[in-house]
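Q: Got a structure for you, written out below as structure tokens; questions coming shortly.
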Amino acid sequence: MSVIDLRSDTVTQPSVGMLDAMAKAATGDDVYGEDPTVNGLEAELAKRLGFAAVLFVPTGTMSNLLGLMAHCERGDEYIVGQQAHTYKYEGGGAAVLGSIQPQPLEVQADGSLDLAHVAAAIKPDDFHFARTRLLALENTMQGKVLPLEYLARARSFTREHGLQLHLDGARLYNAAVKLGVDAREITQHFDSVSVCLSKGLGAPVGSVLCGSAELIGKARRLRKMVGGGMRQAGLLAAAGLYALNNNVQRLADDHANAQFLAEGLRAAGYDVEPVQTNMVYVQMGEKAEAIKTFAAERGIKLSAAGRLRMVTHMNVSREQIEQVVAAFVDFSRK
Ligand SMILES: *Cc1c(COP(=O)(O)O)cnc(C)c1O
């Protein structure tokens, strides 16, 4: 029985083509700046996303951490979504390791932060307060794409208030493919952007932080400090380059599969949230554990949550999505 794993788009396996590219990668010691494949990946992404400099790092968590620490000093504050990955799912790293105070705000239904709420949270320049330095957004946010018009407003807002603007773009390319725009249309609004190569793009490991030469210079020092300086990392960067060259446009297939899954579940009477990209959220309430066990017996891996998240990716086919819908139909008839 082949396993259908819908827990996350992080579970993808490297394809034969990707493994081949990794095997052929030229490598050097990247801490000395001598890995040609890492340098190539960083240069390629700088060009594609419109930044002066890019830094290859092991994880998106490290990429966000280095971005926040490069923008903010000890005692500074950043404004971030209450449900944002950076705030909620990264072990509090900005506070623990950077002494950066988070100011979390409730995320709006469309995945954005209300700029009026952000304005109200900015602290006056007064020694009672932490210094508000940065606004961090996330795109996609739980599968939702932030409107380009909102990004433009966030850009002028942060300029007006003297804040830096960071994007956790772990799934930047899902957002760009969904909007049918070049990723630069999104990244142009930000001072720094973190992108995961290891989510829907299908690389086994790796993220990048993009920004100005000065910001990335600081981030490079911080990367060494937190133990993220890798040596012959070209093996991994080759997977990232392969992903960028082969796996971006196909994200549309994952989005279509997510829509197909949502429609099938709705037709079977499930309460499914509107789908934009590769994430399907279903209200399972108290049946969360039961559906997880039921699905597992049919080779389908789900997370156990009342608000069940299912994520489509390159290792789940349309035929397998049909099997998932059939399993949910069977479950509803039990
Ligand atoms: C996965 C993810 C990250 C962090 O990525 P890791 O590589 O798992 O550390 C950051 N932000 C978002 C929105 C993510 O989904």
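Note on naming: chains are A, B, ... as they come in the structure tokens, residues start from 1 per chain, ligands start from 1 in the order shown.
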Name the residues, by chain letter and number, that sit within 7 Å of ligand 1 using only C-alpha atoms and all ligand atoms, and give them as a short mmCIF file (atom, residue, chain, number, x, y, z; two decimals) with C-alpha atoms, in the first residue's frame.
A:
```cif
data_model
loop_
_atom_site.label_atom_id
_atom_site.label_comp_id
_atom_site.auth_asym_id
_atom_site.auth_seq_id
_atom_site.Cartn_x
_atom_site.Cartn_y
_atom_site.Cartn_z
CA THR A 59 15.88 26.00 7.56
CA GLY A 60 13.16 28.61 7.28
CA THR A 61 13.25 28.99 11.05
CA MET A 62 16.90 30.05 10.86
CA ALA A 84 2.36 33.60 12.30
CA HIS A 85 4.99 30.88 12.04
CA THR A 86 7.72 33.26 13.20
CA GLU A 138 3.59 35.88 6.12
CA MET A 141 -0.60 32.60 5.47
CA ASP A 168 8.11 35.06 5.85
CA GLY A 169 7.67 33.78 2.31
CA ALA A 170 8.11 30.10 3.13
CA ARG A 171 5.51 29.55 0.39
CA CYS A 196 11.75 27.78 1.83
CA SER A 198 12.02 22.46 1.17
CA LYS A 199 8.22 22.93 1.09
CA GLY A 206 17.26 24.59 2.57
CA SER A 207 15.89 28.11 2.77
#
```
Q: List the spatial neighbours of Arg318 (chain A) as a list of chain:residue names - criterion: any atom at most 10 Å away, only C-alpha atoms, same-chain residues fewer than 5 positions off excluded.
A: A:Asp253, A:Asp254, A:Ala256, A:Asn257, A:Ala258, A:Phe260, A:Leu261, A:Thr312, A:Gln323, A:Val324
Q: Mind running region 32-79 of chain A against region 150-166 of chain A at 8 Å and telling me each contacting residue's nearest atom pair with the distance in Å (one decimal), counting only C-alpha atoms, chain and number ascending, as a Markdown table?
A:
```
| residue | atom | partner | partner_atom | distance |
| --- | --- | --- | --- | --- |
| A:Gly67 | CA | A:His166 | CA | 7.6 |
| A:Leu68 | CA | A:His166 | CA | 7.9 |
| A:His71 | CA | A:Gln164 | CA | 7.4 |
```
Q: Give me every helix (DSSP H, G or I) residue in region 85-303 of chain A, going by DSSP on the backbone, as a PyMOL selection string.
A: chain A and resi 85-88+93-98+115-121+148-160+172-179+184-187+213-225+234-246+251-267+285-296
Q: For the residues in the current selection, export C-alpha atoms as a JSON list (two decimals), in the first residue's frame.
A:
```json
[["chain", "number", "residue", "atom", "x", "y", "z"],
["A", 85, "HIS", "CA", 4.99, 30.88, 12.04],
["A", 86, "THR", "CA", 7.72, 33.26, 13.20],
["A", 87, "TYR", "CA", 5.87, 34.09, 16.40],
["A", 88, "LYS", "CA", 4.13, 30.81, 17.20],
["A", 93, "GLY", "CA", 13.72, 32.28, 18.86],
["A", 94, "ALA", "CA", 13.60, 36.03, 18.21],
["A", 95, "ALA", "CA", 12.93, 36.65, 21.91],
["A", 96, "VAL", "CA", 15.17, 33.87, 23.26],
["A", 97, "LEU", "CA", 18.21, 34.38, 21.05],
["A", 98, "GLY", "CA", 17.74, 37.94, 19.80],
["A", 115, "LEU", "CA", -2.67, 48.28, 9.38],
["A", 116, "ALA", "CA", -4.84, 50.35, 11.74],
["A", 117, "HIS", "CA", -4.13, 47.73, 14.43],
["A", 118, "VAL", "CA", -0.43, 47.84, 13.56],
["A", 119, "ALA", "CA", -0.44, 51.66, 13.81],
["A", 120, "ALA", "CA", -2.05, 51.43, 17.25],
["A", 121, "ALA", "CA", 0.62, 48.94, 18.39],
["A", 148, "LEU", "CA", -0.70, 42.76, -3.98],
["A", 149, "GLU", "CA", -2.62, 45.94, -3.22],
["A", 150, "TYR", "CA", -2.29, 45.18, 0.52],
["A", 151, "LEU", "CA", 1.46, 44.63, 0.17],
["A", 152, "ALA", "CA", 1.81, 48.04, -1.50],
["A", 153, "ARG", "CA", -0.13, 49.63, 1.36],
["A", 154, "ALA", "CA", 2.01, 47.81, 3.96],
["A", 155, "ARG", "CA", 5.12, 49.13, 2.16],
["A", 156, "SER", "CA", 4.05, 52.79, 2.25],
["A", 157, "PHE", "CA", 2.74, 52.36, 5.80],
["A", 158, "THR", "CA", 6.07, 51.02, 7.08],
["A", 159, "ARG", "CA", 7.97, 53.79, 5.25],
["A", 160, "GLU", "CA", 5.75, 56.42, 6.85],
["A", 172, "LEU", "CA", 6.24, 32.68, -1.65],
["A", 173, "TYR", "CA", 6.05, 30.70, -4.90],
["A", 174, "ASN", "CA", 2.63, 29.27, -4.08],
["A", 175, "ALA", "CA", 1.43, 32.87, -3.73],
["A", 176, "ALA", "CA", 3.09, 33.98, -7.00],
["A", 177, "VAL", "CA", 1.77, 31.00, -8.98],
["A", 178, "LYS", "CA", -1.73, 31.50, -7.58],
["A", 179, "LEU", "CA", -1.69, 35.20, -8.57],
["A", 184, "ARG", "CA", 9.20, 39.91, -7.77],
["A", 185, "GLU", "CA", 5.74, 41.49, -7.81],
["A", 186, "ILE", "CA", 5.53, 40.29, -4.22],
["A", 187, "THR", "CA", 9.13, 40.60, -3.04],
["A", 213, "ALA", "CA", 24.15, 43.68, 1.10],
["A", 214, "GLU", "CA", 24.41, 45.21, 4.58],
["A", 215, "LEU", "CA", 21.55, 43.16, 6.04],
["A", 216, "ILE", "CA", 22.83, 39.90, 4.55],
["A", 217, "GLY", "CA", 26.34, 40.72, 5.76],
["A", 218, "LYS", "CA", 24.98, 40.87, 9.31],
["A", 219, "ALA", "CA", 22.93, 37.72, 8.74],
["A", 220, "ARG", "CA", 26.02, 35.87, 7.51],
["A", 221, "ARG", "CA", 27.80, 36.62, 10.78],
["A", 222, "LEU", "CA", 24.72, 35.57, 12.77],
["A", 223, "ARG", "CA", 24.40, 32.36, 10.73],
["A", 224, "LYS", "CA", 27.88, 31.32, 11.86],
["A", 225, "MET", "CA", 27.00, 32.22, 15.44],
["A", 234, "GLY", "CA", 26.53, 22.78, -2.75],
["A", 235, "LEU", "CA", 24.95, 19.31, -2.62],
["A", 236, "LEU", "CA", 21.91, 20.93, -1.03],
["A", 237, "ALA", "CA", 22.04, 24.13, -3.06],
["A", 238, "ALA", "CA", 21.98, 22.00, -6.23],
["A", 239, "ALA", "CA", 18.65, 20.57, -5.07],
["A", 240, "GLY", "CA", 17.41, 24.12, -4.50],
["A", 241, "LEU", "CA", 18.46, 25.23, -7.99],
["A", 242, "TYR", "CA", 16.83, 22.17, -9.50],
["A", 243, "ALA", "CA", 13.64, 22.97, -7.58],
["A", 244, "LEU", "CA", 13.61, 26.57, -8.83],
["A", 245, "ASN", "CA", 14.13, 25.48, -12.42],
["A", 246, "ASN", "CA", 11.66, 22.58, -12.44],
["A", 251, "LEU", "CA", 2.67, 24.19, -7.88],
["A", 252, "ALA", "CA", -0.49, 24.95, -9.89],
["A", 253, "ASP", "CA", -1.13, 21.17, -9.94],
["A", 254, "ASP", "CA", -1.01, 21.09, -6.13],
["A", 255, "HIS", "CA", -3.47, 23.98, -6.01],
["A", 256, "ALA", "CA", -5.81, 22.20, -8.43],
["A", 257, "ASN", "CA", -5.58, 19.01, -6.34],
["A", 258, "ALA", "CA", -6.41, 20.99, -3.20],
["A", 259, "GLN", "CA", -9.50, 22.46, -4.92],
["A", 260, "PHE", "CA", -10.51, 19.01, -6.11],
["A", 261, "LEU", "CA", -10.12, 17.61, -2.59],
["A", 262, "ALA", "CA", -12.14, 20.48, -1.08],
["A", 263, "GLU", "CA", -14.96, 20.02, -3.59],
["A", 264, "GLY", "CA", -15.09, 16.27, -2.99],
["A", 265, "LEU", "CA", -15.24, 16.72, 0.77],
["A", 266, "ARG", "CA", -17.89, 19.44, 0.53],
["A", 267, "ALA", "CA", -20.01, 17.20, -1.68],
["A", 285, "GLY", "CA", -14.39, 18.83, 15.74],
["A", 286, "GLU", "CA", -14.37, 15.82, 18.04],
["A", 287, "LYS", "CA", -13.95, 13.41, 15.11],
["A", 288, "ALA", "CA", -10.33, 14.45, 14.56],
["A", 289, "GLU", "CA", -8.76, 11.39, 16.22],
["A", 290, "ALA", "CA", -11.28, 9.02, 14.64],
["A", 291, "ILE", "CA", -10.69, 10.24, 11.08],
["A", 292, "LYS", "CA", -6.94, 10.11, 11.62],
["A", 293, "THR", "CA", -7.09, 6.46, 12.67],
["A", 294, "PHE", "CA", -9.62, 5.59, 9.95],
["A", 295, "ALA", "CA", -7.47, 7.22, 7.28],
["A", 296, "ALA", "CA", -4.25, 5.63, 8.61]]
```
Q: For the structure I just gave you, how does DSSP split region 215-288 of chain A - specifically, which residues are strand (DSSP E)? Reply as a list of chain:residue names.
A: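 Matching residues for strand (DSSP E) in region 215-288 of chain A are A:Asp271, A:Val272, A:Met279, A:Val280, A:Tyr281, A:Val282, A:Gln283.
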Q: Give me a file of those residues, with N, CA and C atoms, as a PDB file, in the first residue's frame.
A:
```pdb
ATOM      1  N   ASP A 271     -17.436  20.307   6.363  1.00  0.00           N
ATOM      2  CA  ASP A 271     -17.336  21.755   6.496  1.00  0.00           C
ATOM      3  C   ASP A 271     -15.912  22.167   6.120  1.00  0.00           C
ATOM      4  N   VAL A 272     -15.730  22.583   4.868  1.00  0.00           N
ATOM      5  CA  VAL A 272     -14.396  22.866   4.326  1.00  0.00           C
ATOM      6  C   VAL A 272     -14.246  24.375   4.100  1.00  0.00           C
ATOM      7  N   MET A 279      -3.480  24.238   0.622  1.00  0.00           N
ATOM      8  CA  MET A 279      -3.930  23.807   1.952  1.00  0.00           C
ATOM      9  C   MET A 279      -5.441  23.749   2.028  1.00  0.00           C
ATOM     10  N   VAL A 280      -5.915  22.628   2.582  1.00  0.00           N
ATOM     11  CA  VAL A 280      -7.355  22.414   2.747  1.00  0.00           C
ATOM     12  C   VAL A 280      -7.619  22.277   4.242  1.00  0.00           C
ATOM     13  N   TYR A 281      -8.464  23.142   4.774  1.00  0.00           N
ATOM     14  CA  TYR A 281      -8.824  23.076   6.201  1.00  0.00           C
ATOM     15  C   TYR A 281     -10.262  22.571   6.340  1.00  0.00           C
ATOM     16  N   VAL A 282     -10.435  21.539   7.169  1.00  0.00           N
ATOM     17  CA  VAL A 282     -11.750  20.936   7.376  1.00  0.00           C
ATOM     18  C   VAL A 282     -12.052  20.929   8.867  1.00  0.00           C
ATOM     19  N   GLN A 283     -13.248  21.353   9.226  1.00  0.00           N
ATOM     20  CA  GLN A 283     -13.650  21.309  10.637  1.00  0.00           C
ATOM     21  C   GLN A 283     -14.063  19.882  10.967  1.00  0.00           C
TER      22      GLN A 283
END
```
